[in-house]
Amino acid sequence: MNICSQDRSGDEFAQTSSRRRLRKCQTAVKVSTLLNGAQVRVRITQQELKLFQSRFDKRLVLTAGAIVDISQAVSRDFAPRMQRSRQAVSAQMLRDVSQSIRRQYRSAAQRVNLAEPVCVVMPVDVEHVSVYWRLPEAGADKTPVIKLSSTDVTGSVAVFFRPQAADPLPQKMDILLPAAFENRGYQVSVGWFEEDNQFHTGLESACVGPAFAKIPDGQRQTARDTMTTLNHSGQGL
Amino acid sequence: MALADLNIVLHAHLPYVHHPEYEDFLEEAWLFEAITDCYLPLLAMLDRLQADGVAYRLTLSLSPTLITLLQSDLLQQRYWHYLLIRQQLIEAEIRRTLGQPEVQCVALHYRQQLQQCSQQYHACTGDLLAQFKHHQQSGGLCLITTAATHGFLPLLRQNAWAVRNQVRIGLDTFQQAFGFKPEGFWLPECGFYAGLEQVLVECGVRYFFVDSHALEGADEKPLKGVYAPVDCGNGVAAFARDPLCSRQVWSADEGYPGDADYREFHRDMGYELAPDYLAKFFPKDRIPSHIGLKYHRITGNTEAKQWYDPERAMQKAQQHAEDFLRQRQQHITLLSRQLGQAPIMVAPFDAELFGHWWYEGPLWLEQVLRLAASGKYALQLQSGEDYLATHDTLQTLRPADSSWGHQGAYRYWINDSNDWIYPCLHQAADDMEKLIQDLKAVHLSDVQERAVNQALRSLLLAQASDWSFMLTAGTAREYANKQLEDHLARFNYLMDGLQKNRLDARYVAALEIMDDIFPTLDFRQYE
């Protein structure tokens with residue numbers, strides 16, 4: 001993969017979508033000659049003339065313009081609310097992005113947010129797990145607390161974490177696994193502390209087995225990871 | 001002493017870049033560049049090896065997404081147009097560089113390459129898959145495949161049905177294209193988790209590839225390190241990537257592609273030529289941008305790049321091929337003493353590295369295959385299935401969770417830039433699975449039936465690892481976000497329409513046209 005070198009700038013999609021609408025053109029097919037002498041039929045600007053049919057329904061005929069309209073209508077009305085990353089940006093930029101997202105996705109169907117309570121744990125690397133959850137209605141107004149507990153029969157360990165508040169739903173947290181959890185199975189519970197300081201479990205994740213093995217230094221056959229390559233210009237391949 | 005085995009594996013995959021709704025679309029050029037720079041040169045290489053009677057063996061993984069893109073009539077037609085524009089540009093460049101012999105020589109080199117491409121493409125009438133099949137039937141090429149839309153399986157495992165369908169639909173798509181089910185399977189991004197081996201064996205997979213971390217961190221010490229496949233305990237074999245083979249090609253510091261004589265990928269004339277001149281060939285709103293025309297060599301760690309010299313680069317590729325095999329030879333001698341048996345070295349790479357990122361890559365690879373087949377070195381080229389046919393007993397162990405990302409972990413595909421994806425993907429998979437179960441015995445109208453299939457396509461497209469990869473890498477971030485939003489929105493629209501019995505046939509047809517992947521998909525087969 002990773003052939004994807006060309007990048008669009010900023011919100012080019014929004015700006016150019018209308019410009020990209022295809023012009024009507026009288027010429028249906030242009031015959032061009034390649035360097036090897038082969039003649040090919042090339043369609044350059046007559047896309048609007050081309051009528052598309054679904055391979056599953058030949059009765060309906062759609063123009064490219066109609067397809068674009070449908071695509072935009074579906075995206076406008078049904079895109080999920082998404083949680084963008086926290087980038088190092090200015091406050092003004094955050095406001096701009098926030099407004100833009102609100103404007104674009106205000107009417108989106110909030111399928112994920114309407115869904116059932118859930119607690120999902122995803123191992124990330126040897127030291128981290130990512131957790132997301134949606135608390136049941138009974139705990140919706142509580143301050144959530146994450147409990148990480150080992151599932152080993154010997155030496156049970158539990159550690160509590162308090163996630164940052166005010167994250168949109170579903171809430172999520174990247175947890176740094178304490179050393180006691182190294183190479184052990186574990187489970188995540190999301191709940192809250194009652195007035196008597198007892199932890200009340202709202203949700204429990206599935207049990208997660210020991211995921212990534214910690215390999216001692218020196219046992220590794222190669223000291224470096226080689227996902228990406230840099231050339232001598234210092235730029236990534 | 002028995003010969004060591006060298007298994008070179010290329011994995012070819014692109015995200016689903018298919019946009020009939022636009023006259024031309026920037027990201028479709030990813031496919032066209034890959035065809036020109038990589039797939040056609042690889043096929044030309046295979047033709048030459050066959051013509052010269054070279055007993056090579058090479059494994060090629062073709063992703064189902066790429067298979068679908070290569071089958072698209074629309075994209076084939078657009079590729080002709082792409083070639084034509086490239087040829088017009090090169091002719092203009094040959095005229096423009098008159099009086100600059102060092103530059104013109106590179107332009108002439110590109111003209112020759114483009115002529116070759118168009119001849120090849122014309123000769124096979126755009127059917128590259130038939131050419132790959134021809135080389136598979138000739139015995140040199142071992143074809144395998146991967147998950148349907150290259151989903152990163154460890155992060156989809158929340159829903160076992162989703163993982164199983166990525167594997168099954170991937171295998172089914174390959175079988176429809178090539179007429180047989182592959183024995184081998186490429187795990188997207190080498191992403192493995194304990195339990196995946198069971199899904200693979202249930203789908204008929206005999207072997208797959210993992211990163212070295214999978215064996216280094218296994219529940220038992222692998223007796224042969226990464227130099228012999230292991231049995232995962234259920235009969236399916238895992239071959240691990242040899243980090244030393246990889247390093248010589250991938251490494252930032254010592255990898256071959258960074259050699260000063262090789263073509264500089266990042267110095268593109270699309271940013272240097274006059275906009276008015278470029279406007280004769282490209283839409284104005286795409287100027288300046290990457291156009292794939294490069295005249296410089298890497299030169300060194302400097303901005304003052306020298307002109308590219310194709311002859312010199314070709315010689316360097318040959319030297320690097322010899323160096324690669326010489327180093328393998330030294331390593332084999334060492335390993336054979338340590339292991340008490342000849343090792344198998346697995347060298348997997350992204351296919352698009354060869355020719356696109358590393359322009360001289362196909363030359364290097366051809367030379368490696370020729371030299372390895374010559375008998376000059378104490379090794380033979382083998383595929384995974386060749387190896388398994390002659391080795392009955394493998395060590396049994398459970399590989400560790402791993403990927404070929406940083407530190408063998410999943411971080412590249414789940415981090416602050418992209419973790420919002422997963423609740424959406426998990427929820428969508430749960431909804432889809434439930435819907436299919438609910439519809440088991442229900443008679444549906446034609447449009448409803450198609451809407452369910454299309455929802456499954458949208459879900460599969462949203463699951464592609466490409467989007468999370470791009471969001472992390474920061475390349476084409478807008479496109480990745482848009483595709484994710486669109487695929488999830490289309491899924492939501494179809495589910496909503498099905499649940500409320502309010503489907504618009506025009507909408508369904510439009511989505512089928514845009515996301516025209518896996519045309520024979522039948523959701524009832526994937527309950």
# chains A, B, ... in the order shown; residues from 1 in each chain; ligands from 1
$ select_by_dssp --residues "segment 141-382 of chain B" --states "helix (DSSP H, G or I)" --output "number ranges by chain"
B: 153-155, 160-178, 188-190, 196-202, 212-216, 243-250, 256-258, 269-271, 275-278, 284-286, 310-339, 351-353, 361-373
$ residues_around --residues "Val120 of chain A" --least-positions-apart "4" --cutoff "8 Å" --atoms "only C-alpha atoms" --output "PyMOL selection string"
(chain A and resi 131-133+205-206) or (chain B and resi 158)
$ write_last_selection --atoms "C-alpha atoms" --output "compact mmCIF listing (two decimals), in the first residue's frame"
# COMPACT_ATOMS: atom_id res chain seq x y z
CA VAL A 131 -10.82 1.37 25.87
CA TYR A 132 -14.10 2.85 24.75
CA TRP A 133 -17.46 2.58 26.44
CA SER A 205 -15.31 -5.85 28.94
CA ALA A 206 -14.51 -9.30 27.68
CA GLN B 158 -14.64 -7.35 18.58
$ interface_residues --of "chain B" --to "chain A" --cutoff "6 Å" --atoms "only C-alpha atoms" --output "number ranges by chain"
B: 13-14, 21, 23, 81, 115, 217, 250-252, 258, 300-301, 400-401, 405-407, 409-411, 416-417, 420, 476, 485-486, 489, 492-493, 509-510, 512-513
$ residues_around --residues "Gln198 of chain A" --least-positions-apart "6" --cutoff "12 Å" --atoms "only C-alpha atoms" --output "PDB file with N, CA and C atoms, in the first residue's frame"
ATOM      1  N   VAL A 145     -15.357   5.772  36.138  1.00  0.00           N
ATOM      2  CA  VAL A 145     -14.050   5.335  36.622  1.00  0.00           C
ATOM      3  C   VAL A 145     -13.746   4.001  35.938  1.00  0.00           C
ATOM      4  N   GLY A 191     -17.308   1.931  35.702  1.00  0.00           N
ATOM      5  CA  GLY A 191     -18.348   2.137  36.708  1.00  0.00           C
ATOM      6  C   GLY A 191     -18.152   3.467  37.398  1.00  0.00           C
ATOM      7  N   TRP A 192     -18.535   3.514  38.648  1.00  0.00           N
ATOM      8  CA  TRP A 192     -18.400   4.760  39.398  1.00  0.00           C
ATOM      9  C   TRP A 192     -18.326   4.434  40.889  1.00  0.00           C
TER      10      TRP A 192
END
$ closest_atom_pairs --of "segment 188-224 of chain B" --to "segment 331-345 of chain B" --cutoff "12 Å" --atoms "only C-alpha atoms" --output "Markdown table"
| residue | atom | partner | partner_atom | distance |
| --- | --- | --- | --- | --- |
| B:Phe209 | CA | B:Met345 | CA | 11.9 |
| B:Ser212 | CA | B:Met345 | CA | 11.2 |
| B:Pro222 | CA | B:Leu339 | CA | 11.0 |
| B:Leu223 | CA | B:Leu339 | CA | 7.9 |
| B:Lys224 | CA | B:Leu339 | CA | 6.0 |
$ write_last_selection --atoms "C-alpha atoms" --output "tab-separated table (two decimals), in the first residue's frame"
chain	number	residue	atom	x	y	z
B	209	PHE	CA	2.79	-14.57	7.06
B	212	SER	CA	9.23	-11.52	13.29
B	222	PRO	CA	10.91	-20.95	18.35
B	223	LEU	CA	13.77	-23.41	17.97
B	224	LYS	CA	14.74	-22.10	14.54
$ residues_around --residues "Phe132 of chain B" --least-positions-apart "4" --cutoff "9 Å" --atoms "only C-alpha atoms" --output "short mmCIF file (atom, residue, chain, number, x, y, z; two decimals) with C-alpha atoms, in the first residue's frame"
data_model
loop_
_atom_site.label_atom_id
_atom_site.label_comp_id
_atom_site.auth_asym_id
_atom_site.auth_seq_id
_atom_site.Cartn_x
_atom_site.Cartn_y
_atom_site.Cartn_z
CA LEU B 43 4.76 -8.35 -15.57
CA LEU B 46 8.07 -12.07 -15.42
CA LEU B 128 -3.51 -7.60 -16.04
CA GLN B 136 0.99 -18.59 -12.09
CA GLN B 137 0.06 -21.38 -14.50
CA LEU B 141 4.45 -17.15 -9.76
CA LEU B 143 -0.51 -16.19 -6.19
#
$ atom_distance --atom1 "atom CA of Leu444 of chain B" --atom2 "atom CA of Asn501 of chain B"
10.7 Å
